[in-house]
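S.K.: If you scroll down you'll find the structure; I have some questions about it.
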Number of protein chains: 2
Amino acid sequence: MRAPRGEFELIDAFVSVFDPSKDEGVILGIGDDAAVLRLRGLTALTTDSVMEGVHFTPAFSPEDVGHKALAVNLSDLAAMGAQPVAFLCALAVPPPWVSRVVRVGRGMAALASKHRCALVGGNVTRARQLSITITALGRVAHPLTRAGARPGDVLLVSGSLGGAAAGLARRPRPTAAQLRRQRRPTPRVELGLAAVGRAHAAIDVSDGFVQDLRHLLEASGVGADVDSTAVPRVAGASLEQALSGGEDYELILAAPRSRVPELLRAARSLHVSLTAVGRCTREPGLRMPGSGPLPGGFDHLR
Amino acid sequence: MRAPRGEFELIDAFVSVFDPSKDEGVILGIGDDAAVLRLRGLTALTTDSVMEGVHFTPAFSPEDVGHKALAVNLSDLAAMGAQPVAFLCALAVPPPWVSRVVRVGRGMAALASKHRCALVGGNVTRARQLSITITALGRVAHPLTRAGARPGDVLLVSGSLGGAAAGLARRPRPTAAQLRRQRRPTPRVELGLAAVGRAHAAIDVSDGFVQDLRHLLEASGVGADVDSTAVPRVAGASLEQALSGGEDYELILAAPRSRVPELLRAARSLHVSLTAVGRCTREPGLRMPGSGPLPGGFDHLR
């Protein structure tokens, strides 16, 4: 395929790889000054960017980049217990990427299609560095915030951690599974939906387990005892990678003990592992014996 | 004020300059994985970016940059006849801008406050080039699309054109008014609202009058005769700057003749000039005697 010529041809080529929306709530999709949606009930809204050299490297395929740009947003919706509905996509494209933008769209469209999340708007501008900023909308019956955890709640974490950090490491050479975790994170949308009404609080692990858990604890006004040896690790990931490596896009849930068995059953039926790693306490602060000094997480400006 | 240290301090400093939302539709604002809004009726959604070196130059103050980033999005809402409600803001910040981000926020907050548009979410990442991507939401009773113009409709344009292009030109030296037009565009939100139920179609002039008018004509399946001498020009702007210079953020409206007097009255009461410049025709194509060969508009990838 030849490279698109100019802004409008590039937009047409990008948009053409997405399924047209069949959602009756989308009154007006792409092509006017704004999209128009009929959004009933409560709507969760989040925005997140992926940036060349920060969130992806030359080792990522264009499809990986497109997948990741949407995945990090759907992960935020998952952490709110929201069902994805639609998204808008702003592309900043340097000349060498113009010919690859349609492949970025394909990676994004495959994930969008899986979650029936419609592309309803966007923008393209030139830039020196490729970046993709997505704003995603979801339908949410009862928002699952960071702030609902109570003393006594069990802390659970989905999947396993440290995969993205291990995928970034040069030595030892990352495994194919680690690379996949880094390049194609799986937003835990179905688990987030299953946690509504069962968990008291949730957050996604984007900046690192310890840092994101601390956000949940602070927002909830509780502390926690966590067993670092219980934190599920991707094969080959070090304890430090599991505790402070960012970009795992797993969920941390805080749930009352009585609800834990049904949460574990729900996770099993979704083929997602869910592991109890500790307990919320009235006493503030995070205690994690055996982990050594608690690591920080990822800071985008440092 | 000392520069913020790290991502979370920068976010706190940025957010602190915005009015807290008093809109009862904002159930959960900034600080969780996603915002939660109760959006009734129809919602217009748009996303637009401003990029260092493309949409602003070192001559812009940080406040100008923040104003413009929101203004270009509110202009899209205006063109749909939507009332701004809320927005999300993704910042990509290179190190030299960290200390100026709060000033960017001040320029943005002043405009947001004027339109009672609440900041409900955002993101920050590091980058080599400053860019701001905003997604804005508006309430819309009857969307004013590009597609409703009919043969016989009068074409009107708000304000005057060519100011941003003249502001960019080096010679003759731009006037203070031209610079202001370029750096502090005024989104025609109230005029867009006044046009609902009166105009058949609308678009905002972001890429250039001729190019954006063509989008409206094509979407509506009509042509037009336009009197180029009637197109209102900013003092000192050339005809070419008025016809093809982008970033004016004025509105083009197509309205039935019977509704023109009330549109002109509404514009007068809003202290916005509104000028009839031509007529829609059944015959396709844009005819503009006296303008010479019709210029193109701005293409972000060329």
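Residues in the structure tokens are numbered from 1 in each chain, the chains being A, B, ... in the order shown, and ligands are numbered from 1 in the order shown.
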Write out as a PyMOL selection string the residues lying within 7 Å of B:Glu250, counting only C-alpha atoms and excluding same-chain residues fewer than 5 positions away.

M.R.: chain B and resi 157-159+188+204-205

S.K.: At a cut-off of 8 Å, can you tabulate as CSV every residue of chain B near chain A together with its closest atom pair and the distance in Å to one decimal, using only C-alpha atoms and ordering rows by chain then number?

M.R.:
```
residue,atom,partner,partner_atom,distance
B:Gly6,CA,A:Leu301,CA,5.2
B:Glu7,CA,A:Leu301,CA,5.3
B:Phe8,CA,A:Asp299,CA,7.9
B:Asp32,CA,A:Arg146,CA,6.3
B:Asp33,CA,A:Asp76,CA,5.2
B:Ala34,CA,A:Thr46,CA,4.7
B:Ala35,CA,A:Leu45,CA,5.1
B:Val36,CA,A:Ala44,CA,4.4
B:Leu37,CA,A:Thr43,CA,5.2
B:Arg38,CA,A:Leu42,CA,4.7
B:Leu39,CA,A:Leu39,CA,6.2
B:Arg40,CA,A:Arg40,CA,6.6
B:Gly41,CA,A:Arg38,CA,6.1
B:Leu42,CA,A:Arg38,CA,4.7
B:Thr43,CA,A:Leu37,CA,5.2
B:Ala44,CA,A:Val36,CA,4.4
B:Leu45,CA,A:Ala35,CA,5.1
B:Thr46,CA,A:Ala34,CA,4.7
B:Thr47,CA,A:Gly122,CA,5.9
B:Asp48,CA,A:Asn123,CA,5.7
B:Ser49,CA,A:Ala90,CA,7.1
B:Met51,CA,A:Ala127,CA,7.2
B:Val54,CA,A:Arg126,CA,7.6
B:Asp76,CA,A:Asp33,CA,5.2
B:Leu77,CA,A:Ala34,CA,6.6
B:Ala79,CA,A:Asp33,CA,6.5
B:Met80,CA,A:Asp33,CA,6.6
B:Leu88,CA,A:Thr47,CA,6.7
B:Cys89,CA,A:Thr47,CA,7.5
B:Ala90,CA,A:Thr47,CA,6.7
B:Pro95,CA,A:Leu301,CA,7.8
B:Gly121,CA,A:Thr46,CA,6.4
B:Gly122,CA,A:Thr47,CA,5.9
B:Asn123,CA,A:Asp48,CA,5.7
B:Val124,CA,A:His300,CA,7.2
B:Thr125,CA,A:His300,CA,5.2
B:Arg126,CA,A:Leu301,CA,5.6
B:Ala127,CA,A:Met51,CA,7.2
B:Arg128,CA,A:Gln129,CA,7.2
B:Gln129,CA,A:Arg128,CA,7.2
B:Thr133,CA,A:Thr133,CA,7.1
B:Thr135,CA,A:Thr135,CA,6.9
B:Pro143,CA,A:Val36,CA,7.6
B:Thr145,CA,A:Asp32,CA,6.5
B:Arg146,CA,A:Asp32,CA,6.3
B:Ile203,CA,A:Asp33,CA,6.7
B:Asp204,CA,A:Asp33,CA,7.6
B:Asp299,CA,A:Glu7,CA,5.7
B:His300,CA,A:Thr125,CA,5.3
B:Leu301,CA,A:Gly6,CA,5.3
B:Arg302,CA,A:Gly6,CA,6.1
```

S.K.: Would you list, as a list of chain:residue names, the residues of stretch 147-249 of chain B that end up in strand (DSSP E or B) under DSSP run on this structure's backbone?

M.R.: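 Selecting the strand (DSSP E or B) positions of stretch 147-249 of chain B gives B:Val154, B:Leu155, B:Leu156, B:Val157, B:Ser158, B:Leu161, B:Ala201, B:Ala202, B:Ile203, B:Asp204, B:Gly223, B:Ala224, B:Asp225, B:Val226, B:Arg233.
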
S.K.: Would you output that residue set with N, CA and C atoms, as a compact mmCIF listing (two decimals), in the first residue's frame?

M.R.:
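result.txt, freshly written:
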```
# COMPACT_ATOMS: atom_id res chain seq x y z
N VAL B 154 -28.55 31.06 2.81
CA VAL B 154 -27.57 32.13 2.85
C VAL B 154 -26.35 31.65 3.64
N LEU B 155 -25.16 31.95 3.13
CA LEU B 155 -23.92 31.63 3.86
C LEU B 155 -23.47 32.86 4.63
N LEU B 156 -23.23 32.66 5.91
CA LEU B 156 -22.81 33.77 6.78
C LEU B 156 -21.51 33.38 7.46
N VAL B 157 -20.71 34.39 7.78
CA VAL B 157 -19.49 34.12 8.53
C VAL B 157 -19.38 35.10 9.69
N SER B 158 -18.98 34.60 10.84
CA SER B 158 -18.86 35.45 12.03
C SER B 158 -17.53 36.18 12.04
N LEU B 161 -11.91 37.45 9.11
CA LEU B 161 -10.96 36.37 8.82
C LEU B 161 -9.56 36.90 8.47
N ALA B 201 -26.85 24.43 8.87
CA ALA B 201 -25.53 23.79 8.93
C ALA B 201 -24.50 24.77 9.46
N ALA B 202 -23.43 24.23 10.03
CA ALA B 202 -22.35 25.08 10.55
C ALA B 202 -21.04 24.33 10.52
N ILE B 203 -19.95 25.09 10.46
CA ILE B 203 -18.60 24.53 10.59
C ILE B 203 -17.73 25.65 11.14
N ASP B 204 -16.66 25.28 11.84
CA ASP B 204 -15.77 26.35 12.27
C ASP B 204 -14.59 26.47 11.30
N GLY B 223 -23.68 23.28 -3.76
CA GLY B 223 -22.59 24.14 -4.19
C GLY B 223 -22.81 25.53 -3.61
N ALA B 224 -22.00 26.50 -4.04
CA ALA B 224 -22.21 27.86 -3.54
C ALA B 224 -21.62 28.92 -4.48
N ASP B 225 -22.28 30.06 -4.48
CA ASP B 225 -21.72 31.27 -5.08
C ASP B 225 -21.34 32.19 -3.92
N VAL B 226 -20.07 32.58 -3.87
CA VAL B 226 -19.61 33.43 -2.78
C VAL B 226 -19.00 34.70 -3.38
N ARG B 233 -12.72 40.85 6.47
CA ARG B 233 -11.29 40.66 6.72
C ARG B 233 -10.84 41.47 7.93
```

S.K.: Based on DSSP run over this structure's backbone, return all residues of stretch 90-302 of chain B in helix (DSSP H, G or I), as an MDAnalysis selection string.

M.R.: chainID B and resid 95:114 163:168 176:183 189:195 209:220 228:230 239:244 257:269

S.K.: Write out as a PyMOL selection string each polymer residue whose atoms come within 7 Å of B:Leu74, counting only C-alpha atoms; drop sequence neighbours fewer than 4 positions from it.

M.R.: chain B and resi 70+78+84+187+189

S.K.: Name all residues at most 9 Å from A:Leu168 (count only C-alpha atoms; drop same-chain ones fewer than 2 positions away) and give them as a PyMOL selection string.

M.R.: chain A and resi 163-166+170+174+178-179+182

S.K.: Quote the spacing between atom CA of A:Val101 and atom CA of A:Asp12 in Å to one decimal place.

M.R.: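 Value for the atom CA of A:Val101-atom CA of A:Asp12 distance: 11.1 Å.
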
S.K.: Quick one: everything within 8 Å of B:Ala230, counting only C-alpha atoms, minus sequence neighbours fewer than 4 positions away in the same chain. Send it as a list in words.

M.R.: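 Once the adjacent positions are removed, what remains is Thr275, Ala276 and Val277 of chain B.
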
S.K.: If we count only C-alpha atoms and set the cut-off at 9 Å, which residues sit around B:Phe209, ignoring sequence neighbours fewer than 6 positions away in its own chain? Please answer as a list in words.

M.R.: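 Listed by chain and then number, they are Leu161, Ala242, Leu243, Ser244, Gly245, Gly246, Asp248, Ile252 and Gly297 of chain B.
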
S.K.: Interatomic distance between atom CA of B:Asp153 and atom CA of B:Thr281?

M.R.: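 Distance between the two atoms: 7.9 Å.
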
S.K.: For stretch 282-288 of chain B, find every residue with an atom within 9 Å (counting only C-alpha atoms), except residues of its own chain fewer than 5 positions away, and show them as a PDB file with C-alpha atoms, in the first residue's frame.

M.R.:
```pdb
ATOM      1  CA  ARG B 150     -29.890  23.427   1.255  1.00  0.00           C
ATOM      2  CA  PRO B 151     -29.914  25.249  -2.081  1.00  0.00           C
ATOM      3  CA  GLY B 152     -30.982  28.844  -1.485  1.00  0.00           C
ATOM      4  CA  VAL B 210     -12.366  28.048   1.452  1.00  0.00           C
ATOM      5  CA  LEU B 213     -16.619  25.932   3.419  1.00  0.00           C
ATOM      6  CA  ARG B 214     -15.921  23.144   0.936  1.00  0.00           C
ATOM      7  CA  LEU B 217     -20.809  22.097   0.908  1.00  0.00           C
ATOM      8  CA  GLU B 218     -19.659  18.525   0.257  1.00  0.00           C
ATOM      9  CA  GLY B 221     -24.411  17.973  -1.235  1.00  0.00           C
ATOM     10  CA  VAL B 222     -24.758  21.570  -2.425  1.00  0.00           C
ATOM     11  CA  GLY B 223     -22.591  24.140  -4.191  1.00  0.00           C
ATOM     12  CA  ALA B 224     -22.208  27.865  -3.538  1.00  0.00           C
ATOM     13  CA  ASP B 225     -21.724  31.275  -5.082  1.00  0.00           C
ATOM     14  CA  VAL B 226     -19.610  33.435  -2.780  1.00  0.00           C
ATOM     15  CA  ASP B 227     -18.740  37.107  -3.167  1.00  0.00           C
ATOM     16  CA  SER B 228     -15.085  37.251  -2.134  1.00  0.00           C
ATOM     17  CA  LEU B 294      -9.214  29.240  -5.242  1.00  0.00           C
TER      18      LEU B 294
END
```

S.K.: Atom CA of A:Gln241 and atom CA of A:Gly81 are how many Å apart?

M.R.: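 Atom CA of A:Gln241 sits 26.6 Å away from atom CA of A:Gly81.
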